[in-house]
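Trainee: This is the structure I want to talk about, given as structure tokens.
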Amino acid sequence: LLLGTNNTDRLAINGAGNIGIGTINPASLLHLSGANTELRLDNNAFNSSLYITAPAPGSTGGIGTSTNHGLYFFSNNIDRAVFTANGRFGFGTTNPSSFFHLSDANSQIHLENSTINSSLYITAPHPFSTGGIGTSTNHGLYFFTNNVDRAVFTENGRFGFGTTNPPSTVSVAGGDVNILDIGAGIILKSPNGNCWRVTVDNNGNFISTAITCP
């Protein structure tokens, strides 16, 4: 079935029931074709518009609104995520309080590299566990800037700063440990279980002060 205007075919329904607008060979149930293809849905009651746009040489394609309304994603008739009118994204909430907001009884971001079977989790605290960032597989957690590794928690629980292969529980390489507060120092526990804070005086001499163990 072909429908046309001005001696040009505008709409087609083929034998499979596919509808084509701008094409007489629709490849899907609804197929739009044109130089600047765009599907627009208006709700006149709320003066809102939704656009579905195909990419063009001067623009990218996308789904979005052209009015002061959010873009909602839903399943089973329940809102699951939203891009608000001010550009915030909420997942599990329709009222995101930050640029990217996840909300759930057990909010968690899971990043998985299936090539090496590694997983990274970012988890919010809940009544039965603390929140945190970490791995659930036998891989370290690395911290980097400018694409250079700066620190690591290894898979066996050691922390390295300036090294990715710490030989002890805490290792620092390539720099100093600078304690800025006067009176602060390093706390050590003696064999008898007492704790001592080690500081220095104005001449650089070590001073050991007994303290209550933290």
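In the structure tokens, the first chain shown is A, the next is B, and so on; residue numbers restart at 1 for each chain, and ligands run from 1 in the order shown.
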Identify, with DSSP run on backbone atoms, the residues in chain A assigned to strand (DSSP E or B), and express the list as a PyMOL selection string.
Mentor: chain A and resi 2-5+8-13+19-21+30-32+38-43+48-53+56+59+62-65+71-75+78-83+89-91+100-102+108-113+118-123+126+129+132-135+141-145+148-153+159-161+170-172+186-189+195-200+206-211
Trainee: If you keep C-alpha atoms, can you produce a file of those selected residues as a compact mmCIF listing (two decimals), in the first residue's frame?
Mentor:
# COMPACT_ATOMS: atom_id res chain seq x y z
CA LEU A 2 1.45 3.35 -1.10
CA LEU A 3 0.27 6.82 -0.14
CA GLY A 4 1.64 9.92 -1.81
CA THR A 5 1.34 13.63 -2.43
CA THR A 8 5.60 11.34 -4.86
CA ASP A 9 5.28 8.29 -2.61
CA ARG A 10 5.30 9.41 1.03
CA LEU A 11 4.16 6.38 3.03
CA ALA A 12 4.25 2.65 2.40
CA ILE A 13 2.90 -0.44 4.15
CA ILE A 19 5.31 1.05 7.76
CA GLY A 20 7.72 3.29 5.88
CA ILE A 21 7.65 7.09 5.90
CA LEU A 30 8.20 1.65 11.67
CA HIS A 31 10.90 3.02 9.38
CA LEU A 32 11.46 6.75 8.87
CA GLU A 38 13.23 13.23 13.30
CA LEU A 39 10.33 11.77 15.25
CA ARG A 40 8.53 14.33 17.41
CA LEU A 41 5.93 13.62 20.10
CA ASP A 42 4.02 16.60 21.56
CA ASN A 43 1.85 16.72 24.66
CA SER A 48 6.14 19.25 26.22
CA SER A 49 8.00 17.73 23.28
CA LEU A 50 10.05 14.55 22.88
CA TYR A 51 12.43 14.12 19.94
CA ILE A 52 14.06 11.01 18.49
CA THR A 53 16.64 12.16 15.95
CA ALA A 56 23.20 13.88 10.35
CA SER A 59 24.56 16.99 14.26
CA GLY A 62 19.64 11.24 20.11
CA ILE A 63 16.53 11.11 22.25
CA GLY A 64 15.57 14.15 24.25
CA THR A 65 13.22 17.00 25.08
CA LEU A 71 13.53 12.59 29.96
CA TYR A 72 12.27 9.53 31.83
CA PHE A 73 13.11 5.86 31.34
CA PHE A 74 10.67 3.32 32.71
CA SER A 75 9.85 -0.38 32.74
CA ILE A 78 7.71 2.34 36.94
CA ASP A 79 10.20 5.17 36.43
CA ARG A 80 13.71 3.74 36.62
CA ALA A 81 15.94 6.64 35.54
CA VAL A 82 15.70 10.26 34.46
CA PHE A 83 17.65 13.05 32.81
CA PHE A 89 20.87 11.99 35.86
CA GLY A 90 19.05 9.91 38.43
CA PHE A 91 19.04 6.12 38.50
CA PHE A 100 24.92 11.65 38.81
CA HIS A 101 22.77 10.11 41.54
CA LEU A 102 22.13 6.41 42.19
CA GLN A 108 26.39 -0.26 44.03
CA ILE A 109 28.33 0.45 40.84
CA HIS A 110 29.99 -2.65 39.39
CA LEU A 111 32.68 -2.35 36.72
CA GLU A 112 33.84 -5.65 35.24
CA ASN A 113 36.66 -6.49 32.86
CA SER A 118 38.37 -8.48 37.37
CA SER A 119 35.70 -6.47 39.15
CA LEU A 120 35.64 -3.03 40.78
CA TYR A 121 32.83 -2.00 43.14
CA ILE A 122 31.74 1.40 44.43
CA THR A 123 29.29 0.77 47.24
CA HIS A 126 23.86 0.41 54.41
CA SER A 129 27.99 -3.09 55.73
CA GLY A 132 33.70 1.76 49.95
CA ILE A 133 35.64 1.32 46.75
CA GLY A 134 37.34 -1.98 46.13
CA THR A 135 37.80 -5.18 44.17
CA LEU A 141 43.08 -1.30 43.67
CA TYR A 142 45.15 1.36 41.91
CA PHE A 143 45.01 5.14 42.20
CA PHE A 144 46.40 7.16 39.31
CA THR A 145 46.63 10.70 37.94
CA VAL A 148 50.46 7.30 35.99
CA ASP A 149 49.94 4.92 38.94
CA ARG A 150 50.48 6.82 42.20
CA ALA A 151 49.33 4.40 44.89
CA VAL A 152 47.93 0.92 45.30
CA PHE A 153 46.17 -1.38 47.72
CA PHE A 159 49.52 -0.15 50.62
CA GLY A 160 52.14 1.40 48.41
CA PHE A 161 52.57 5.12 47.79
CA VAL A 170 52.76 0.49 54.23
CA SER A 171 55.53 1.50 51.84
CA VAL A 172 56.52 4.92 50.52
CA ILE A 186 54.53 8.09 64.97
CA ILE A 187 52.80 5.78 67.45
CA LEU A 188 54.60 2.51 68.24
CA LYS A 189 53.62 -0.37 70.50
CA CYS A 195 52.02 2.61 73.28
CA TRP A 196 54.49 5.42 72.68
CA ARG A 197 54.35 8.52 70.53
CA VAL A 198 57.71 9.33 68.97
CA THR A 199 58.37 13.00 68.16
CA VAL A 200 61.41 15.28 67.93
CA PHE A 206 63.76 11.80 69.40
CA ILE A 207 61.29 12.01 72.28
CA SER A 208 59.18 9.04 73.37
CA THR A 209 55.98 9.81 75.26
CA ALA A 210 53.78 7.12 76.81
CA ILE A 211 50.20 7.37 75.64
Trainee: Quick one, how far is atom CA of A:Asn76 from atom CA of A:Asn47?
Mentor: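 Between atom CA of A:Asn76 and atom CA of A:Asn47 the gap is 25.6 Å.
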Trainee: Using only C-alpha atoms, find the one residue out of A:Glu155, A:Ser103, A:Asn25, A:Pro214 that sits nearest to A:Thr169.
Mentor: A:Glu155
Trainee: Rank A:Thr137, A:Arg158, A:Gly70, A:Asn77 by their smallest atom-to-atom distance to A:Pro96, using only C-alpha atoms, and report the top residue only.
Mentor: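 Closest candidate: A:Gly70.
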